[in-house]
Amino acid sequence: MGDDVFGEDPTIRALELRVASLLGMPDAVFTASGTMANQLALMTHCRRGDSVVVPRNSHMVLFETGASAAISGIQTFEVGEDGHFDGDHVRAAARSNAYIYPPTRLVVVENTHNFAGGRVTDAARMSHIAEATSALGISLHVDGARLPHAAAATGLSMGELVVGATSASICLSKGLGAPMGSVLAGPLDFIQTARRYRRMLGGGLRQAGLMAAGGLFALDHHMGDLRLDIDRAGELAAALSETSTFAPIGQPDSNIVVAQTVGWDAEAALAALTDRGLRAMAFGASRVRFVLHRDITEEAFQAALTAVRSVRP
Ligand SMILES: Cc1ncc(COP(=O)(O)O)c(C=O)c1O
C-alpha cells in the first residue's frame, strides 16, 4: 500500500475517482467517516459565522456532537418536516449578507434522511431546491450517507439524485457494508481544500488502501442487493402495524422503519426485542428505529418478524 497523505495510494485514488464519477463530480476525497465528510463540507463551503440551512432533525444537528458549531463556527437553520423541504423553505430561511445576519452559504439535503426513517428526496424535489440555491448564489451539499439506498428506492442512479448539488458524500460502511469510510465529492478546488482540512482533523490515514479496497468491492458487488432491504422494510412495517404494541410512522421509503411504541417505552421494547435476538435503536423515549441491511439472512429476517409480533409490555 502507498501513503495516502502523500497521495501515493492507488486504491484510495481509484475509489475517489470512482465515487466522483458515480456522482457526476470532478473529484473526491476519502474520509474516515460520514461525520468527517459532513464536517469537511461545512468547513470548506463556509466561514466562521456563516449559516447553513438543513432539514429538521438532520444528522449534522442531532448526532455530530455539535461539531458544526464547535469546529466550523456555523449556525444552522432547520427547515421542513419529516426529512423533506423545498425551495420555498430555502428562500424563507436564507439570510443575506446584510450586516446583522449570519450569511447563508450552504443548504444541505440529507438523502436518505435518517431521523425521518430513511425518507428519500427524489430528483424533482432536489431540482426545486437546486433552483432556489442557484438563484440565491449559495452552495448545495447532499449528505448522502445512505444515497445508495435512495438510488435503489427510486431506480435512479446516485448521480441523477445529486444533480444541482455542489458537493455530495456517500458512506461505504452503512448499507453498502464495507468495513469503514465515506467519500466526499465536489469541484477540484473544493476537494483540494477539503483535503487540507481532512489533514487538520487528523483524517490523513496513510495506509488506508485496504479500507478503500473494501469500498470498491462494495460498489462493485453490493449495490444490486439494496432493493431487498427496502422490500423487507415494507414487510417489517406491515408486521409492526398488525401489532398492538408498535405503530410504524408512515410507510418506509427505504431501509429504515421507525415505529412508535404503544403501551410501553422504547427502552422496555428494546429490552424485550433484544431478548428475542433482535437489535434495534431508541429514537427518543417512545420510538424505535429498525434498519434492514445485507447481513440479515432470510432466516434471521423471519425470526425478526416473529419477534416484533410476539413481544409484549
Ligand atoms: C444521514 C447521516 N449522515 C452522516 C452520518 C455519519 O456517519 P458516521 O457515523 O460514519 O460518522 C450518519 C450516521 O448514521 C447518517 O445517518
# chains A, B, ... in the order shown; residues from 1 in each chain; ligands from 1
$ residues_near_ligand --ligand "ligand 1" --cutoff "8 Å" --atoms "only C-alpha atoms and all ligand atoms" --output "PyMOL selection string"
chain A and resi 32-38+58-60+63-64+110-115+143-146+171+173-174+180-182
$ residues_around --residues "Gly159 of chain A" --least-positions-apart "3" --cutoff "8 Å" --atoms "only C-alpha atoms" --output "list in words"
Leu22, Leu23, Gly24, Val162 and Val163 of chain A
$ write_last_selection --atoms "all heavy atoms" --output "short mmCIF file (atom, residue, chain, number, x, y, z; two decimals), in the first residue's frame"
data_model
loop_
_atom_site.label_atom_id
_atom_site.label_comp_id
_atom_site.auth_asym_id
_atom_site.auth_seq_id
_atom_site.Cartn_x
_atom_site.Cartn_y
_atom_site.Cartn_z
N LEU A 22 -19.33 8.38 -10.23
CA LEU A 22 -20.71 7.94 -9.93
C LEU A 22 -21.60 9.13 -9.57
O LEU A 22 -22.79 9.12 -9.84
CB LEU A 22 -20.71 6.94 -8.77
CG LEU A 22 -20.20 5.53 -9.08
CD1 LEU A 22 -20.04 4.72 -7.78
CD2 LEU A 22 -21.17 4.82 -10.03
N LEU A 23 -21.02 10.14 -8.94
CA LEU A 23 -21.81 11.29 -8.51
C LEU A 23 -21.78 12.43 -9.54
O LEU A 23 -22.37 13.49 -9.31
CB LEU A 23 -21.32 11.80 -7.14
CG LEU A 23 -21.47 10.79 -5.99
CD1 LEU A 23 -20.92 11.36 -4.68
CD2 LEU A 23 -22.92 10.37 -5.80
N GLY A 24 -21.06 12.22 -10.63
CA GLY A 24 -21.00 13.24 -11.69
C GLY A 24 -20.27 14.49 -11.24
O GLY A 24 -20.61 15.60 -11.63
N VAL A 162 -28.16 13.64 -7.34
CA VAL A 162 -27.43 14.81 -6.82
C VAL A 162 -27.26 15.90 -7.88
O VAL A 162 -26.47 16.82 -7.71
CB VAL A 162 -26.05 14.43 -6.21
CG1 VAL A 162 -26.24 13.46 -5.06
CG2 VAL A 162 -25.10 13.85 -7.25
N VAL A 163 -28.04 15.81 -8.97
CA VAL A 163 -27.97 16.86 -9.99
C VAL A 163 -28.32 18.20 -9.34
O VAL A 163 -29.31 18.29 -8.60
CB VAL A 163 -28.94 16.55 -11.16
CG1 VAL A 163 -29.10 17.76 -12.07
CG2 VAL A 163 -28.45 15.35 -11.95
#
$ residues_around --residues "segment 39-56 of chain A" --least-positions-apart "6" --cutoff "8 Å" --atoms "only C-alpha atoms" --output "VMD selection string"
chain A and resid 67 to 68 72 to 85 90 93 to 95 102 to 110 139 141 167 184 190 193 to 194 197 to 198
$ atom_distance --atom1 "atom CA of Ala272 of chain A" --atom2 "atom CA of Leu305 of chain A"
13.6 Å
$ residues_around --residues "segment 243-255 of chain A" --least-positions-apart "5" --cutoff "7 Å" --atoms "only C-alpha atoms" --output "list in words"
Gly117, Gly118, Arg119, Val120, His149, Ala150, Ala153, Asp229, Ile230, Ala233, Gly234, Ala237, Gln260, Thr261, Val262, Gly263, Val291, Leu292, Arg309 and Arg312 of chain A
$ select_by_dssp --residues "segment 43-276 of chain A" --states "strand (DSSP E or B)" --output "JSON list (two decimals) with N, CA and C atoms, in the first residue's frame"
[["chain", "number", "residue", "atom", "x", "y", "z"],
["A", 51, "SER", "N", -24.16, 30.86, 8.03],
["A", 51, "SER", "CA", -25.26, 29.96, 8.39],
["A", 51, "SER", "C", -25.51, 28.96, 7.28],
["A", 52, "VAL", "N", -26.14, 27.85, 7.68],
["A", 52, "VAL", "CA", -26.42, 26.74, 6.77],
["A", 52, "VAL", "C", -27.87, 26.32, 7.00],
["A", 53, "VAL", "N", -28.60, 26.12, 5.92],
["A", 53, "VAL", "CA", -29.97, 25.64, 6.01],
["A", 53, "VAL", "C", -29.95, 24.11, 5.92],
["A", 54, "VAL", "N", -30.54, 23.47, 6.93],
["A", 54, "VAL", "CA", -30.51, 21.99, 6.98],
["A", 54, "VAL", "C", -31.93, 21.47, 7.21],
["A", 55, "PRO", "N", -32.18, 20.22, 6.86],
["A", 55, "PRO", "CA", -33.50, 19.66, 7.17],
["A", 55, "PRO", "C", -33.65, 19.49, 8.68],
["A", 75, "GLN", "N", -23.80, 28.47, 12.16],
["A", 75, "GLN", "CA", -25.15, 28.47, 12.73],
["A", 75, "GLN", "C", -26.07, 27.75, 11.76],
["A", 76, "THR", "N", -26.90, 26.84, 12.29],
["A", 76, "THR", "CA", -27.81, 26.10, 11.40],
["A", 76, "THR", "C", -29.23, 26.63, 11.55],
["A", 77, "PHE", "N", -29.98, 26.64, 10.43],
["A", 77, "PHE", "CA", -31.41, 26.90, 10.44],
["A", 77, "PHE", "C", -32.10, 25.64, 9.95],
["A", 78, "GLU", "N", -32.94, 25.07, 10.81],
["A", 78, "GLU", "CA", -33.61, 23.82, 10.46],
["A", 78, "GLU", "C", -34.95, 24.12, 9.78],
["A", 79, "VAL", "N", -35.21, 23.45, 8.66],
["A", 79, "VAL", "CA", -36.45, 23.72, 7.91],
["A", 79, "VAL", "C", -37.16, 22.42, 7.56],
["A", 81, "GLU", "N", -40.21, 19.37, 7.35],
["A", 81, "GLU", "CA", -40.74, 18.36, 8.27],
["A", 81, "GLU", "C", -40.47, 17.01, 7.67],
["A", 84, "HIS", "N", -38.18, 16.26, 4.69],
["A", 84, "HIS", "CA", -38.39, 16.96, 3.42],
["A", 84, "HIS", "C", -38.43, 18.47, 3.59],
["A", 104, "THR", "N", -26.05, 33.11, 4.72],
["A", 104, "THR", "CA", -26.25, 31.70, 4.38],
["A", 104, "THR", "C", -25.38, 31.34, 3.18],
["A", 105, "ARG", "N", -24.50, 30.39, 3.38],
["A", 105, "ARG", "CA", -23.59, 29.97, 2.29],
["A", 105, "ARG", "C", -23.99, 28.63, 1.70],
["A", 106, "LEU", "N", -24.80, 27.87, 2.47],
["A", 106, "LEU", "CA", -24.96, 26.46, 2.08],
["A", 106, "LEU", "C", -26.34, 25.95, 2.49],
["A", 107, "VAL", "N", -26.86, 25.05, 1.66],
["A", 107, "VAL", "CA", -28.06, 24.28, 2.00],
["A", 107, "VAL", "C", -27.66, 22.81, 1.97],
["A", 108, "VAL", "N", -28.18, 22.04, 2.93],
["A", 108, "VAL", "CA", -27.85, 20.61, 2.98],
["A", 108, "VAL", "C", -29.12, 19.79, 2.80],
["A", 109, "VAL", "N", -29.04, 18.81, 1.91],
["A", 109, "VAL", "CA", -30.11, 17.81, 1.77],
["A", 109, "VAL", "C", -29.57, 16.51, 2.35],
["A", 110, "GLU", "N", -30.36, 15.84, 3.19],
["A", 110, "GLU", "CA", -29.92, 14.55, 3.74],
["A", 110, "GLU", "C", -30.73, 13.46, 3.05],
["A", 113, "HIS", "N", -33.02, 10.56, 4.68],
["A", 113, "HIS", "CA", -32.99, 11.25, 5.96],
["A", 113, "HIS", "C", -33.17, 10.24, 7.08],
["A", 119, "ARG", "N", -36.21, 8.68, 4.85],
["A", 119, "ARG", "CA", -37.02, 9.41, 3.87],
["A", 119, "ARG", "C", -36.17, 9.78, 2.66],
["A", 139, "SER", "N", -24.31, 27.45, -2.11],
["A", 139, "SER", "CA", -23.96, 26.08, -2.47],
["A", 139, "SER", "C", -24.97, 25.08, -1.92],
["A", 140, "LEU", "N", -24.94, 23.89, -2.49],
["A", 140, "LEU", "CA", -25.88, 22.83, -2.08],
["A", 140, "LEU", "C", -25.07, 21.54, -1.86],
["A", 141, "HIS", "N", -25.17, 21.00, -0.65],
["A", 141, "HIS", "CA", -24.45, 19.76, -0.32],
["A", 141, "HIS", "C", -25.45, 18.65, -0.03],
["A", 142, "VAL", "N", -25.17, 17.45, -0.50],
["A", 142, "VAL", "CA", -26.01, 16.29, -0.17],
["A", 142, "VAL", "C", -25.26, 15.40, 0.80],
["A", 143, "ASP", "N", -25.82, 15.27, 2.02],
["A", 143, "ASP", "CA", -25.32, 14.26, 2.96],
["A", 143, "ASP", "C", -25.95, 12.95, 2.49],
["A", 144, "GLY", "N", -25.17, 12.23, 1.71],
["A", 144, "GLY", "CA", -25.69, 11.00, 1.08],
["A", 144, "GLY", "C", -25.18, 9.75, 1.78],
["A", 167, "SER", "N", -21.71, 19.65, -3.91],
["A", 167, "SER", "CA", -20.90, 18.57, -3.33],
["A", 167, "SER", "C", -21.84, 17.50, -2.77],
["A", 168, "ALA", "N", -21.29, 16.30, -2.58],
["A", 168, "ALA", "CA", -22.11, 15.21, -2.01],
["A", 168, "ALA", "C", -21.18, 14.19, -1.39],
["A", 169, "SER", "N", -21.70, 13.50, -0.37],
["A", 169, "SER", "CA", -20.91, 12.44, 0.25],
["A", 169, "SER", "C", -21.73, 11.16, 0.26],
["A", 170, "ILE", "N", -21.03, 10.02, 0.25],
["A", 170, "ILE", "CA", -21.71, 8.74, 0.49],
["A", 170, "ILE", "C", -20.92, 7.98, 1.56],
["A", 171, "CYS", "N", -21.62, 7.15, 2.32],
["A", 171, "CYS", "CA", -20.95, 6.27, 3.28],
["A", 171, "CYS", "C", -20.79, 4.89, 2.67],
["A", 182, "SER", "N", -16.06, 6.91, 4.17],
["A", 182, "SER", "CA", -17.01, 7.67, 3.36],
["A", 182, "SER", "C", -16.21, 8.37, 2.28],
["A", 183, "VAL", "N", -16.90, 8.94, 1.31],
["A", 183, "VAL", "CA", -16.21, 9.70, 0.27],
["A", 183, "VAL", "C", -16.99, 10.99, 0.05],
["A", 184, "LEU", "N", -16.26, 12.09, 0.00],
["A", 184, "LEU", "CA", -16.85, 13.41, -0.26],
["A", 184, "LEU", "C", -16.43, 13.84, -1.66],
["A", 185, "ALA", "N", -17.41, 14.20, -2.49],
["A", 185, "ALA", "CA", -17.11, 14.59, -3.88],
["A", 185, "ALA", "C", -17.51, 16.03, -4.13],
["A", 186, "GLY", "N", -16.87, 16.66, -5.09],
["A", 186, "GLY", "CA", -17.21, 18.04, -5.44],
["A", 186, "GLY", "C", -16.22, 18.59, -6.46],
["A", 246, "PHE", "N", -46.69, -1.75, 18.62],
["A", 246, "PHE", "CA", -45.88, -0.83, 17.81],
["A", 246, "PHE", "C", -46.77, -0.20, 16.75],
["A", 247, "ALA", "N", -46.50, 1.07, 16.42],
["A", 247, "ALA", "CA", -47.20, 1.72, 15.31],
["A", 247, "ALA", "C", -46.17, 2.37, 14.40],
["A", 248, "PRO", "N", -45.91, 1.77, 13.23],
["A", 248, "PRO", "CA", -44.91, 2.37, 12.35],
["A", 248, "PRO", "C", -45.31, 3.78, 11.93],
["A", 256, "ILE", "N", -35.12, 1.87, 6.39],
["A", 256, "ILE", "CA", -35.29, 2.19, 7.81],
["A", 256, "ILE", "C", -36.78, 2.20, 8.14],
["A", 257, "VAL", "N", -37.11, 1.61, 9.28],
["A", 257, "VAL", "CA", -38.50, 1.67, 9.76],
["A", 257, "VAL", "C", -38.46, 2.28, 11.15],
["A", 258, "VAL", "N", -39.22, 3.36, 11.36],
["A", 258, "VAL", "CA", -39.33, 3.94, 12.69],
["A", 258, "VAL", "C", -40.74, 3.66, 13.19],
["A", 259, "ALA", "N", -40.83, 3.14, 14.42],
["A", 259, "ALA", "CA", -42.14, 2.81, 14.96],
["A", 259, "ALA", "C", -42.31, 3.45, 16.34],
["A", 260, "GLN", "N", -43.54, 3.88, 16.58],
["A", 260, "GLN", "CA", -43.93, 4.39, 17.89],
["A", 260, "GLN", "C", -44.19, 3.17, 18.77],
["A", 261, "THR", "N", -43.75, 3.22, 20.04],
["A", 261, "THR", "CA", -44.10, 2.13, 20.95],
["A", 261, "THR", "C", -45.44, 2.45, 21.59]]
$ closest_residue --among "A:Trp264, A:His293, A:Ala123, A:Gly203" --to "Pro313 of chain A" --atoms "only C-alpha atoms"
A:Trp264
$ atom_distance --atom1 "atom CA of Ala178 of chain A" --atom2 "atom CA of Asn57 of chain A"
26.2 Å
$ residues_around --residues "Ile12 of chain A" --least-positions-apart "4" --cutoff "8 Å" --atoms "only C-alpha atoms" --output "list in words"
Asp4, Glu16, Phe30, Ala208, Gly209, Ala212 and Ala213 of chain A
$ write_last_selection --atoms "N, CA, C and O atoms" --output "mmCIF file, in the first residue's frame"
data_model
loop_
_atom_site.group_PDB
_atom_site.id
_atom_site.type_symbol
_atom_site.label_atom_id
_atom_site.label_comp_id
_atom_site.auth_asym_id
_atom_site.auth_seq_id
_atom_site.Cartn_x
_atom_site.Cartn_y
_atom_site.Cartn_z
ATOM 1 N N ASP A 4 -1.350 7.550 1.716
ATOM 2 C CA ASP A 4 -2.363 8.460 1.168
ATOM 3 C C ASP A 4 -2.122 9.918 1.547
ATOM 4 O O ASP A 4 -2.599 10.823 0.863
ATOM 5 N N GLU A 16 -11.680 7.152 -4.931
ATOM 6 C CA GLU A 16 -12.104 8.552 -5.010
ATOM 7 C C GLU A 16 -12.622 8.885 -6.418
ATOM 8 O O GLU A 16 -13.669 9.514 -6.572
ATOM 9 N N PHE A 30 -11.407 10.570 0.157
ATOM 10 C CA PHE A 30 -11.807 9.514 1.094
ATOM 11 C C PHE A 30 -11.762 10.084 2.511
ATOM 12 O O PHE A 30 -10.826 10.788 2.873
ATOM 13 N N ALA A 208 -4.411 3.556 4.154
ATOM 14 C CA ALA A 208 -5.841 3.211 4.247
ATOM 15 C C ALA A 208 -6.345 2.501 2.989
ATOM 16 O O ALA A 208 -7.546 2.294 2.833
ATOM 17 N N GLY A 209 -5.416 2.117 2.112
ATOM 18 C CA GLY A 209 -5.822 1.466 0.855
ATOM 19 C C GLY A 209 -6.658 0.220 1.085
ATOM 20 O O GLY A 209 -7.563 -0.096 0.305
ATOM 21 N N ALA A 212 -10.099 1.284 1.381
ATOM 22 C CA ALA A 212 -10.639 1.706 0.080
ATOM 23 C C ALA A 212 -10.977 0.492 -0.768
ATOM 24 O O ALA A 212 -11.967 0.493 -1.518
ATOM 25 N N ALA A 213 -10.174 -0.583 -0.643
ATOM 26 C CA ALA A 213 -10.455 -1.801 -1.415
ATOM 27 C C ALA A 213 -11.821 -2.361 -1.024
ATOM 28 O O ALA A 213 -12.600 -2.800 -1.878
#
$ select_by_dssp --residues "segment 29-262 of chain A" --states "alpha helix (DSSP H)" --output "ChimeraX atom specification"
/A:34-45,59-62,67-70,87-93,123-136,147-154,158-161,188-200,209-221,226-241
$ atom_distance --atom1 "atom CA of Ile129 of chain A" --atom2 "atom CA of Glu160 of chain A"
14.3 Å
